[in-house]
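Participant: Input: one structure, supplied below.
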Number of protein chains: 4
Amino acid sequence: MPRYDFASDNTAPATPEAMAALIAANSGFAAGYGSDAISARAADLVRAMLDADAEVRFVASGTAANAICLAALCRPFESVLAHEHAHVCTDEAGAPGLFGHGLGLTPLPGASGKIDPDSLSASLAVPDISHRQPVAALSLTNATEYGTVYSTAELRALIAPVRARGYGVHLDGARLANATAAGFDLTEIRTLGVDLLVVGGTKAGMPPTEAVVIFERALARRFDARLKQGGQLPSKGRFFAAPFIGMLEHGAFVRHATHANAMAKRLAALSPFRVTHPVQSNAGFVEMDEGRLAALHAAGWFAYRFLDNSVRFMCSWATTESAVDELGEALHRISG
Amino acid sequence: MPRYDFASDNTAPATPEAMAALIAANSGFAAGYGSDAISARAADLVRAMLDADAEVRFVASGTAANAICLAALCRPFESVLAHEHAHVCTDEAGAPGLFGHGLGLTPLPGASGKIDPDSLSASLAVPDISHRQPVAALSLTNATEYGTVYSTAELRALIAPVRARGYGVHLDGARLANATAAGFDLTEIRTLGVDLLVVGGTKAGMPPTEAVVIFERALARRFDARLKQGGQLPSKGRFFAAPFIGMLEHGAFVRHATHANAMAKRLAALSPFRVTHPVQSNAGFVEMDEGRLAALHAAGWFAYRFLDNSVRFMCSWATTESAVDELGEALHRISG
Amino acid sequence: MPRYDFASDNTAPATPEAMAALIAANSGFAAGYGSDAISARAADLVRAMLDADAEVRFVASGTAANAICLAALCRPFESVLAHEHAHVCTDEAGAPGLFGHGLGLTPLPGASGKIDPDSLSASLAVPDISHRQPVAALSLTNATEYGTVYSTAELRALIAPVRARGYGVHLDGARLANATAAGFDLTEIRTLGVDLLVVGGTKAGMPPTEAVVIFERALARRFDARLKQGGQLPSKGRFFAAPFIGMLEHGAFVRHATHANAMAKRLAALSPFRVTHPVQSNAGFVEMDEGRLAALHAAGWFAYRFLDNSVRFMCSWATTESAVDELGEALHRISG
Amino acid sequence: MPRYDFASDNTAPATPEAMAALIAANSGFAAGYGSDAISARAADLVRAMLDADAEVRFVASGTAANAICLAALCRPFESVLAHEHAHVCTDEAGAPGLFGHGLGLTPLPGASGKIDPDSLSASLAVPDISHRQPVAALSLTNATEYGTVYSTAELRALIAPVRARGYGVHLDGARLANATAAGFDLTEIRTLGVDLLVVGGTKAGMPPTEAVVIFERALARRFDARLKQGGQLPSKGRFFAAPFIGMLEHGAFVRHATHANAMAKRLAALSPFRVTHPVQSNAGFVEMDEGRLAALHAAGWFAYRFLDNSVRFMCSWATTESAVDELGEALHRISG
């Protein structure tokens, strides 16, 4: 049986804290569609974490959450700037186009998953042409697909020219926990000019759930109808809210991410293969040829070749030191 | 604090069997996106229940599941026949139109939620006109929104002329458990000519989950890409599959629905208000004026006025006899 | 060969004035996509006709023009109020849903094609529910599908409560020329609170063209990109603009419509069948059974049975008195 | 007043032959929506030109025609292979995504507008992944955006592996006349495995019109409803059909294109700037820096910098030898 420990951070089970909260929430009757007390409590905890007076919704899918946010910021004949390897561009099967009715994605380059500021400026400087889809929003990801972490200063620099033009900003926080564990200050987000944020629960060690945070209140109008039409207004809302209670009440969200990040650093330290991106959160990328990747697979370890041709190893709250060491040994065996 | 016991069957918590399976599934690492052993096991159990060799997927949202099925059966310039009060027509915020890119819904009348066969025939007899959206599919619901249950003979009669024209058929089984508990034979579905079935988990007492069953294999091609684009290919698939294991392994699915149906009958029997629809599954509808509904709300009981102007009381696996009796007393108090 | 004189007002050829302008415009090279001098001149004439400082675009399709306008006023999870027999509801093959990504249409009743104010009020009073598509706009048609003509007072009364809620207003003027010829004052539109108007060229006797008038300037931003994505930003824009010059420069627009309206009145006056709607513009509707309609068709006259079960006869600029009289005689022959 | 002679081939007026046919068609009443005798006659002529028994429709917009064809070949969660600089990828404001509900475009490289066969093979070899939009169709353009012309052998080589996988093929023939004039044999198209073809009328010198040719009859079912929903089923269909009669009856279609192609060659021959792409049809591309382009604009000549950074000059049926020579002199003046 192959080992999926490092295939992704979504192959891990849910944390004890998240599960305990889920089980606790499963008691008695509750109002539907997010209007229950558990959803309210979880929203309060998200607001407290962000130190922001924002609307919060809990949904089942990060892909849908991102796509719905982009649809809220960008009309179909406009486009969203995003890193060329951002999840919205490469791994959502065109969800932004479906939810956004054909909205465009303008991919931007940048080392290790971070958008190159010059390419952003160049895109913003392109004059509106009716034959192309002009820019209407920026989508950012923190931590990035390559495990690097934007500083607030870096985000501020990317966002400023976008907001100066009146465009919207989306932040995909599928791995926001890992960014936070790496030093990113969540309470700064409200000062950055982010309109819509998706806080990842799933990859942070929860049962499937994501929090959509609406900083820009004008976007909150009829947002539940927007979610309902997109299949993301769960009737039994408490099941998507409760895990956030378990993870946020006593710091498990960041604590587990800190562990995941440490495991990635441990793996990088013992990798015999060249590490291709700075290890700042829970991902390790290495240079590996096809033969060696096949040998790794044959040895029972599942790992993906990523968009930049590196091989990716993801760590999670559930990654153990011994698993890292076992993988390290396997890497050494095949590296010869 | 108001009581939501009868507001809907999705206000109930999840059953012990479903939760136990969920907890059991939360162990070790697992492959993502439905390719894990738990999803395979749950799919086997669904197939066994239906005695059918069909593809099965587990998704988070019934609204999305229905809309995605309709989009698979009907092109944007075509339309779907459905009961005028079917969930897809009235309670999904236009999800079929979003997922189906503007596909049309042609509402059909019929007593107590069942499509009137003559109105179906009349719709099928309308000649194709390029200015209208011609019919391409039929959407059925069992149990219906009014708690009535189609017999296989009734479904066969509705489906036959539809299939004779080569059109597709979708069955919304949000309350299929209740239909089954009322005598509907699940193993007959594969003989009816249903292309796509949604088996409700949520209303049957599970944490949020629905099973999409693909009887028509030609529709299965790239269905996972279809789901992914729609935000319904969960990375941690086991959380949506496991509850089905708990509910199907030892008959809890039907056993709980049998209880829910019995509670609805009990409520109807002691209602001082006229019951407006045959009580065949877990819903009771009564005639009640605005003043009395307000009094009921004031007494702390939440209930909705439905599309036909009746007031609806839904029972679930968690509805207790004593709750029914308490509600019955409240109804008597306000009926005077 | 059957006669299409009365089948619709789009079976007529283009007027001499429109054709002369088209031919005159076909000279030399011109900038594309509506940026040419002829488009500018035609836009000026439309503005003058409406006595309004509005943006004007010329497009090929009324169906697309209406759908694009609704998409500009209503998000996919919202809906548009319209008469149940309005063209957008019944004769555009779901174009509003395609261009509007699943936006809803809420059909309203009303005698002879005019929206019943009470039904409008009732729809506006429905509280927002996330499971339904809440109202975001009103679509009006003048002259209506039944040839009746709203007065400005009637429109004002329908629009006022809509605007009071901040919702948008679209006016389908496919037969605005006929309404004008019937006394509707075009210079009042700018005072009514209409955001987007489509001025019909095709049914008014032009080669295919429609003018989209943007009264609400906030909607004009990137409207050309909206049109381009919808296939309605013609490269050779002058061909869609020029006919308006021919028709508006010297009053042919209203003069021809006045004739068409007179022909409808003449036809109604000599009809042996009961006239079912007030003849206020260029349409005559009569009560006729199936046998007699078949006899009419057999006699070589094409006419449609309409949505209210009446049989419709449309007059146009090209309808001659003798044709009306011939049809009148045919009607008498079959009415016996 | 700037000169638009070379800005595009859509800045030219319509040819005498097309206009004469339009004027001739403008007589008497005619059935609507393409069911008239003129549309039938024009369709026959298109079929004769292609020597193919195909369905033909006449529409107003090439952008819409292309997008509707792609939507017919590719589901929203799939993608279309196309040259990275194809009109569908770069100049239609996202129309394929709007009409195709978020369908993907997979851009392929290739010199001078022709798809590189190796990149096509590589794209076809990518395994289906549910997170990406798998390929479902190929879109080709002849003549290409760079004025080069595919031979039938080249097209056959590109199409064969696509059809071998059961995928669809669209041919954008906005400049098919120019390809034909360059030696491309139109009667070979039916042997190539093209499902849907758009024959450009507008750029060939007609008033706005395009012919959609449906080779694959299975796609013809309800195609008129598809067109109607997309705003491309013109009520006065004869206006879009007639120009094809004028252009096809006596060879004007190819004759005018032959002239346009010759003008491009003449221009290339006298260009003091390096010509950047083979001049095979009616386009000339040259290398020119910003300063010189500005000087050209200042001298009153409109020309675009294209996607490959060349400056483009388009010729048309209306381009005169003297205009070419005047432009040549202007180019020499600024080239110093």
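How things are named: the first chain in the structure tokens is A, the next is B, and so on; residues count from 1 in each chain; ligands count from 1 in the order shown.
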Write out as a ChimeraX atom specification all residues of segment 83-312 of chain D that backbone DSSP assigns to strand (DSSP E).
Facilitator: /D:83,104-108,135-141,168-173,196-200,210-214,283-286,304-305,311-312
Participant: When you get a sec, could you note down which chain D residues fall within 8 Å of chain C, using only C-alpha atoms, as a PyMOL selection string?
Facilitator: chain D and resi 3-5+10-14+19+23+26-32+60-64+92-95+98-99+202+207-208+225+228-232+234-236+239
Participant: With C-alpha atoms retained, could you export that selection as a PDB file, in the first residue's frame?
Facilitator:
ATOM      1  CA  ARG D   3      -6.197  56.675 -43.210  1.00  0.00           C
ATOM      2  CA  TYR D   4      -7.535  53.295 -42.170  1.00  0.00           C
ATOM      3  CA  ASP D   5      -6.790  51.557 -45.467  1.00  0.00           C
ATOM      4  CA  ASN D  10     -12.650  45.235 -41.920  1.00  0.00           C
ATOM      5  CA  THR D  11     -12.153  48.964 -42.458  1.00  0.00           C
ATOM      6  CA  ALA D  12     -13.028  48.564 -46.125  1.00  0.00           C
ATOM      7  CA  PRO D  13     -16.523  49.127 -47.458  1.00  0.00           C
ATOM      8  CA  ALA D  14     -18.534  46.261 -48.935  1.00  0.00           C
ATOM      9  CA  MET D  19     -24.164  45.391 -52.032  1.00  0.00           C
ATOM     10  CA  ILE D  23     -30.255  45.579 -52.404  1.00  0.00           C
ATOM     11  CA  ASN D  26     -34.554  43.843 -50.019  1.00  0.00           C
ATOM     12  CA  SER D  27     -37.796  43.268 -51.838  1.00  0.00           C
ATOM     13  CA  GLY D  28     -41.121  42.022 -50.630  1.00  0.00           C
ATOM     14  CA  PHE D  29     -41.925  40.080 -47.497  1.00  0.00           C
ATOM     15  CA  ALA D  30     -39.863  37.087 -46.450  1.00  0.00           C
ATOM     16  CA  ALA D  31     -40.083  34.411 -43.791  1.00  0.00           C
ATOM     17  CA  GLY D  32     -37.902  35.051 -40.782  1.00  0.00           C
ATOM     18  CA  ALA D  60     -23.790  38.632 -37.802  1.00  0.00           C
ATOM     19  CA  SER D  61     -20.621  38.131 -35.809  1.00  0.00           C
ATOM     20  CA  GLY D  62     -17.469  36.131 -36.370  1.00  0.00           C
ATOM     21  CA  THR D  63     -16.564  36.377 -32.717  1.00  0.00           C
ATOM     22  CA  ALA D  64     -19.919  34.896 -31.730  1.00  0.00           C
ATOM     23  CA  GLU D  92     -12.549  38.060 -28.661  1.00  0.00           C
ATOM     24  CA  ALA D  93     -12.642  39.431 -25.107  1.00  0.00           C
ATOM     25  CA  GLY D  94     -13.186  35.999 -23.682  1.00  0.00           C
ATOM     26  CA  ALA D  95     -16.187  35.164 -25.877  1.00  0.00           C
ATOM     27  CA  LEU D  98     -18.796  33.285 -22.049  1.00  0.00           C
ATOM     28  CA  PHE D  99     -20.529  31.239 -24.732  1.00  0.00           C
ATOM     29  CA  THR D 202     -16.980  40.616 -43.373  1.00  0.00           C
ATOM     30  CA  PRO D 207     -21.471  43.857 -45.131  1.00  0.00           C
ATOM     31  CA  PRO D 208     -21.275  42.151 -41.701  1.00  0.00           C
ATOM     32  CA  ALA D 225     -31.908  27.245 -30.719  1.00  0.00           C
ATOM     33  CA  LYS D 228     -30.993  32.056 -31.005  1.00  0.00           C
ATOM     34  CA  GLN D 229     -29.866  31.868 -27.380  1.00  0.00           C
ATOM     35  CA  GLY D 230     -26.542  33.336 -28.452  1.00  0.00           C
ATOM     36  CA  GLY D 231     -28.183  36.247 -30.274  1.00  0.00           C
ATOM     37  CA  GLN D 232     -27.125  34.898 -33.675  1.00  0.00           C
ATOM     38  CA  PRO D 234     -31.227  36.970 -37.208  1.00  0.00           C
ATOM     39  CA  SER D 235     -34.922  37.593 -37.776  1.00  0.00           C
ATOM     40  CA  LYS D 236     -34.219  39.293 -41.113  1.00  0.00           C
ATOM     41  CA  PHE D 239     -29.648  40.507 -45.003  1.00  0.00           C
TER      42      PHE D 239
END
Participant: I'd like the neighbourhood of segment 268-274 of chain C as a PyMOL selection string, where a residue qualifies if any of its atoms comes within 7 Å (using only C-alpha atoms), though same-chain residues fewer than 5 positions away should be ignored.
Facilitator: chain C and resi 284+286-288+328+331-332+335
Participant: By how many Å are atom CA of Phe244 of chain C and atom CA of Asp172 of chain C apart?
Facilitator: 17.0 Å
Participant: For Leu219 of chain D, which residue among D:Gly168, D:Gly193, D:Gly246, D:Gly183 is the nearest when counting only C-alpha atoms?
Facilitator: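 Looking at the shortest contact to Leu219 of chain D, the residue is D:Gly168.
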Participant: Could you give me the residues within segment 33-196 of chain B that DSSP places in helix (DSSP H, G or I), as JSON, numbers by chain?
Facilitator: {"B": [37, 38, 39, 40, 41, 42, 43, 44, 45, 46, 47, 48, 49, 50, 62, 63, 64, 65, 66, 67, 68, 69, 70, 71, 72, 73, 87, 88, 89, 90, 95, 96, 97, 98, 99, 111, 112, 113, 117, 118, 119, 120, 121, 122, 123, 124, 125, 152, 153, 154, 155, 156, 157, 158, 159, 160, 161, 162, 163, 164, 176, 177, 178, 179, 180, 181, 186, 187, 188, 189, 190, 191, 192]}
Participant: Please save C-alpha atoms of the selected residues as a PDB file, in the first residue's frame.
Facilitator:
ATOM      1  CA  ALA B  37     -10.339   2.948   0.063  1.00  0.00           C
ATOM      2  CA  ILE B  38     -13.150   4.418   2.136  1.00  0.00           C
ATOM      3  CA  SER B  39     -14.717   6.069  -0.886  1.00  0.00           C
ATOM      4  CA  ALA B  40     -14.422   2.777  -2.761  1.00  0.00           C
ATOM      5  CA  ARG B  41     -16.085   0.885   0.079  1.00  0.00           C
ATOM      6  CA  ALA B  42     -18.919   3.404   0.347  1.00  0.00           C
ATOM      7  CA  ALA B  43     -19.478   3.300  -3.403  1.00  0.00           C
ATOM      8  CA  ASP B  44     -19.743  -0.486  -3.209  1.00  0.00           C
ATOM      9  CA  LEU B  45     -22.388  -0.171  -0.532  1.00  0.00           C
ATOM     10  CA  VAL B  46     -24.393   2.302  -2.612  1.00  0.00           C
ATOM     11  CA  ARG B  47     -24.180  -0.020  -5.596  1.00  0.00           C
ATOM     12  CA  ALA B  48     -25.285  -2.942  -3.443  1.00  0.00           C
ATOM     13  CA  MET B  49     -28.214  -0.965  -2.086  1.00  0.00           C
ATOM     14  CA  LEU B  50     -29.293  -0.148  -5.635  1.00  0.00           C
ATOM     15  CA  GLY B  62     -27.319  18.443  -2.878  1.00  0.00           C
ATOM     16  CA  THR B  63     -28.023  21.715  -4.631  1.00  0.00           C
ATOM     17  CA  ALA B  64     -24.757  21.460  -6.561  1.00  0.00           C
ATOM     18  CA  ALA B  65     -25.268  17.751  -7.182  1.00  0.00           C
ATOM     19  CA  ASN B  66     -28.664  18.353  -8.737  1.00  0.00           C
ATOM     20  CA  ALA B  67     -27.473  21.295 -10.799  1.00  0.00           C
ATOM     21  CA  ILE B  68     -24.424  19.419 -12.058  1.00  0.00           C
ATOM     22  CA  CYS B  69     -26.617  16.490 -13.059  1.00  0.00           C
ATOM     23  CA  LEU B  70     -28.999  18.731 -14.969  1.00  0.00           C
ATOM     24  CA  ALA B  71     -26.041  20.396 -16.710  1.00  0.00           C
ATOM     25  CA  ALA B  72     -24.884  16.936 -17.757  1.00  0.00           C
ATOM     26  CA  LEU B  73     -28.267  16.140 -19.302  1.00  0.00           C
ATOM     27  CA  HIS B  87     -36.327  21.853  -5.134  1.00  0.00           C
ATOM     28  CA  VAL B  88     -34.440  22.525  -8.385  1.00  0.00           C
ATOM     29  CA  CYS B  89     -37.159  24.991  -9.408  1.00  0.00           C
ATOM     30  CA  THR B  90     -37.775  26.803  -6.174  1.00  0.00           C
ATOM     31  CA  ALA B  95     -28.177  26.831  -9.354  1.00  0.00           C
ATOM     32  CA  PRO B  96     -29.339  24.846 -12.418  1.00  0.00           C
ATOM     33  CA  GLY B  97     -29.020  28.007 -14.481  1.00  0.00           C
ATOM     34  CA  LEU B  98     -25.556  28.797 -13.130  1.00  0.00           C
ATOM     35  CA  PHE B  99     -24.128  25.295 -13.459  1.00  0.00           C
ATOM     36  CA  ALA B 111     -51.091  17.336  -6.959  1.00  0.00           C
ATOM     37  CA  SER B 112     -49.007  16.973  -3.813  1.00  0.00           C
ATOM     38  CA  GLY B 113     -45.668  17.282  -5.561  1.00  0.00           C
ATOM     39  CA  PRO B 117     -48.769  12.826 -16.439  1.00  0.00           C
ATOM     40  CA  ASP B 118     -51.005  14.786 -18.799  1.00  0.00           C
ATOM     41  CA  SER B 119     -49.043  17.980 -18.326  1.00  0.00           C
ATOM     42  CA  LEU B 120     -45.869  16.007 -18.981  1.00  0.00           C
ATOM     43  CA  SER B 121     -47.333  14.606 -22.195  1.00  0.00           C
ATOM     44  CA  ALA B 122     -48.456  18.048 -23.268  1.00  0.00           C
ATOM     45  CA  SER B 123     -44.978  19.463 -22.731  1.00  0.00           C
ATOM     46  CA  LEU B 124     -43.404  16.655 -24.683  1.00  0.00           C
ATOM     47  CA  ALA B 125     -45.846  17.236 -27.525  1.00  0.00           C
ATOM     48  CA  THR B 152     -42.130   2.530  -9.475  1.00  0.00           C
ATOM     49  CA  ALA B 153     -45.147   2.173 -11.742  1.00  0.00           C
ATOM     50  CA  GLU B 154     -45.807   5.910 -11.558  1.00  0.00           C
ATOM     51  CA  LEU B 155     -42.173   6.724 -12.289  1.00  0.00           C
ATOM     52  CA  ARG B 156     -42.112   4.230 -15.139  1.00  0.00           C
ATOM     53  CA  ALA B 157     -45.145   5.901 -16.686  1.00  0.00           C
ATOM     54  CA  LEU B 158     -43.566   9.357 -16.446  1.00  0.00           C
ATOM     55  CA  ILE B 159     -40.175   8.246 -17.701  1.00  0.00           C
ATOM     56  CA  ALA B 160     -41.291   6.093 -20.643  1.00  0.00           C
ATOM     57  CA  PRO B 161     -42.363   8.893 -23.001  1.00  0.00           C
ATOM     58  CA  VAL B 162     -39.283  10.903 -22.030  1.00  0.00           C
ATOM     59  CA  ARG B 163     -36.893   8.100 -22.861  1.00  0.00           C
ATOM     60  CA  ALA B 164     -38.833   7.354 -26.028  1.00  0.00           C
ATOM     61  CA  LEU B 176     -34.750   8.676  -0.991  1.00  0.00           C
ATOM     62  CA  ALA B 177     -34.326   7.029   2.410  1.00  0.00           C
ATOM     63  CA  ASN B 178     -37.816   8.140   3.352  1.00  0.00           C
ATOM     64  CA  ALA B 179     -39.243   6.933   0.052  1.00  0.00           C
ATOM     65  CA  THR B 180     -37.596   3.590   0.619  1.00  0.00           C
ATOM     66  CA  ALA B 181     -38.943   3.349   4.139  1.00  0.00           C
ATOM     67  CA  LEU B 186     -34.438   0.991  -4.618  1.00  0.00           C
ATOM     68  CA  THR B 187     -33.384  -1.950  -6.741  1.00  0.00           C
ATOM     69  CA  GLU B 188     -35.978  -0.966  -9.314  1.00  0.00           C
ATOM     70  CA  ILE B 189     -34.297   2.350 -10.107  1.00  0.00           C
ATOM     71  CA  ARG B 190     -31.832   0.742 -12.498  1.00  0.00           C
ATOM     72  CA  THR B 191     -34.782  -0.575 -14.524  1.00  0.00           C
ATOM     73  CA  LEU B 192     -36.539   2.774 -14.753  1.00  0.00           C
TER      74      LEU B 192
END
Participant: Between B:Leu293, B:Val275, B:Leu327, B:Ile214, which has the minimum distance to Ala52 of chain B (counting only C-alpha atoms)?
Facilitator: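 Once distances to Ala52 of chain B are computed over only C-alpha atoms, the minimum belongs to B:Ile214.
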Participant: Residues near Arg222 of chain D, anyone? I mean within 10 Å using only C-alpha atoms, not counting same-chain ones fewer than 6 positions away, as an mmCIF file with all heavy atoms, in the first residue's frame.
Facilitator:
data_model
loop_
_atom_site.group_PDB
_atom_site.id
_atom_site.type_symbol
_atom_site.label_atom_id
_atom_site.label_comp_id
_atom_site.auth_asym_id
_atom_site.auth_seq_id
_atom_site.Cartn_x
_atom_site.Cartn_y
_atom_site.Cartn_z
ATOM 1 N N PHE B 77 -29.351 25.747 -24.209
ATOM 2 C CA PHE B 77 -30.504 26.213 -24.999
ATOM 3 C C PHE B 77 -31.639 25.203 -24.961
ATOM 4 O O PHE B 77 -32.577 25.296 -25.759
ATOM 5 C CB PHE B 77 -30.076 26.504 -26.441
ATOM 6 C CG PHE B 77 -29.235 25.397 -27.037
ATOM 7 C CD1 PHE B 77 -29.825 24.335 -27.684
ATOM 8 C CD2 PHE B 77 -27.858 25.407 -26.894
ATOM 9 C CE1 PHE B 77 -29.057 23.312 -28.213
ATOM 10 C CE2 PHE B 77 -27.070 24.393 -27.422
ATOM 11 C CZ PHE B 77 -27.672 23.339 -28.086
ATOM 12 N N GLU B 78 -31.583 24.293 -24.010
ATOM 13 C CA GLU B 78 -32.646 23.311 -23.819
ATOM 14 C C GLU B 78 -33.221 23.483 -22.409
ATOM 15 O O GLU B 78 -32.771 24.314 -21.637
ATOM 16 C CB GLU B 78 -32.076 21.897 -24.021
ATOM 17 C CG GLU B 78 -31.543 21.694 -25.450
ATOM 18 C CD GLU B 78 -30.890 20.332 -25.676
ATOM 19 O OE1 GLU B 78 -30.203 19.846 -24.749
ATOM 20 O OE2 GLU B 78 -31.045 19.783 -26.777
ATOM 21 N N ASP B 128 -40.581 21.499 -31.302
ATOM 22 C CA ASP B 128 -39.357 22.289 -31.132
ATOM 23 C C ASP B 128 -39.497 23.635 -31.830
ATOM 24 O O ASP B 128 -39.835 23.698 -33.017
ATOM 25 C CB ASP B 128 -38.179 21.558 -31.801
ATOM 26 C CG ASP B 128 -37.416 20.701 -30.814
ATOM 27 O OD1 ASP B 128 -38.041 20.188 -29.860
ATOM 28 O OD2 ASP B 128 -36.200 20.542 -30.989
ATOM 29 N N ILE B 129 -39.251 24.700 -31.098
ATOM 30 C CA ILE B 129 -39.197 26.033 -31.693
ATOM 31 C C ILE B 129 -37.874 26.636 -31.249
ATOM 32 O O ILE B 129 -37.529 26.582 -30.071
ATOM 33 C CB ILE B 129 -40.361 26.924 -31.204
ATOM 34 C CG1 ILE B 129 -41.703 26.277 -31.528
ATOM 35 C CG2 ILE B 129 -40.283 28.295 -31.852
ATOM 36 C CD1 ILE B 129 -42.891 27.040 -30.967
ATOM 37 N N SER B 130 -37.160 27.193 -32.188
ATOM 38 C CA SER B 130 -35.819 27.689 -31.858
ATOM 39 C C SER B 130 -35.856 28.875 -30.911
ATOM 40 O O SER B 130 -34.835 29.239 -30.342
ATOM 41 C CB SER B 130 -35.092 28.098 -33.142
ATOM 42 O OG SER B 130 -35.012 27.010 -34.017
ATOM 43 N N GLN B 133 -36.760 27.170 -25.314
ATOM 44 C CA GLN B 133 -35.775 26.148 -24.985
ATOM 45 C C GLN B 133 -36.471 24.789 -25.017
ATOM 46 O O GLN B 133 -37.247 24.456 -24.125
ATOM 47 C CB GLN B 133 -35.173 26.441 -23.602
ATOM 48 C CG GLN B 133 -34.260 27.682 -23.603
ATOM 49 C CD GLN B 133 -33.856 28.133 -22.214
ATOM 50 O OE1 GLN B 133 -34.674 28.642 -21.459
ATOM 51 N NE2 GLN B 133 -32.596 27.960 -21.875
ATOM 52 N N PRO B 134 -36.190 23.977 -26.047
ATOM 53 C CA PRO B 134 -36.890 22.695 -26.141
ATOM 54 C C PRO B 134 -36.456 21.732 -25.032
ATOM 55 O O PRO B 134 -35.362 21.836 -24.487
ATOM 56 C CB PRO B 134 -36.476 22.173 -27.520
ATOM 57 C CG PRO B 134 -35.203 22.864 -27.851
ATOM 58 C CD PRO B 134 -35.257 24.189 -27.161
ATOM 59 N N LYS D 228 -30.034 31.084 -31.522
ATOM 60 C CA LYS D 228 -30.993 32.056 -31.005
ATOM 61 C C LYS D 228 -30.588 32.495 -29.601
ATOM 62 O O LYS D 228 -30.586 33.684 -29.284
ATOM 63 C CB LYS D 228 -32.396 31.443 -30.987
ATOM 64 C CG LYS D 228 -33.478 32.348 -30.403
ATOM 65 C CD LYS D 228 -33.723 33.590 -31.257
ATOM 66 C CE LYS D 228 -34.756 34.517 -30.617
ATOM 67 N NZ LYS D 228 -34.786 35.823 -31.273
#
Participant: Between B:Ala241, B:His250, B:Ile334, B:Glu326, which has the minimum distance to Gly291 of chain B (counting only C-alpha atoms)?
Facilitator: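 That would be B:Ile334, the residue with the smallest distance to Gly291 of chain B.
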Participant: One decimal, in Å: what's the spacing between atom CA of Ala264 of chain A and atom CA of Cys315 of chain A?
Facilitator: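 According to the coordinates, atom CA of Ala264 of chain A and atom CA of Cys315 of chain A are separated by 5.8 Å.
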Participant: For atom CA of Arg266 of chain D and atom CA of Asn142 of chain D, determine how far apart the two atoms are, in Å to one decimal place.
Facilitator: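 For atom CA of Arg266 of chain D relative to atom CA of Asn142 of chain D, the distance reads 21.2 Å.
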Participant: Which residues are near Ala299 of chain A? Cut-off 8 Å, only C-alpha atoms, ignore same chain within fewer than 3 positions. Put them as a list in words.
Facilitator: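 Selected residues are Ala295, Leu296 and Ala330 of chain A.
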Participant: So which residues touch Phe306 of chain B within 10 Å, counting only C-alpha atoms, skipping near sequence neighbours fewer than 6 positions away, as a list of chain:residue names?
Facilitator: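 What passes the distance filter is B:His85, B:Glu145, B:Tyr146, B:Phe285, B:Val286, B:Arg312, B:Phe313.
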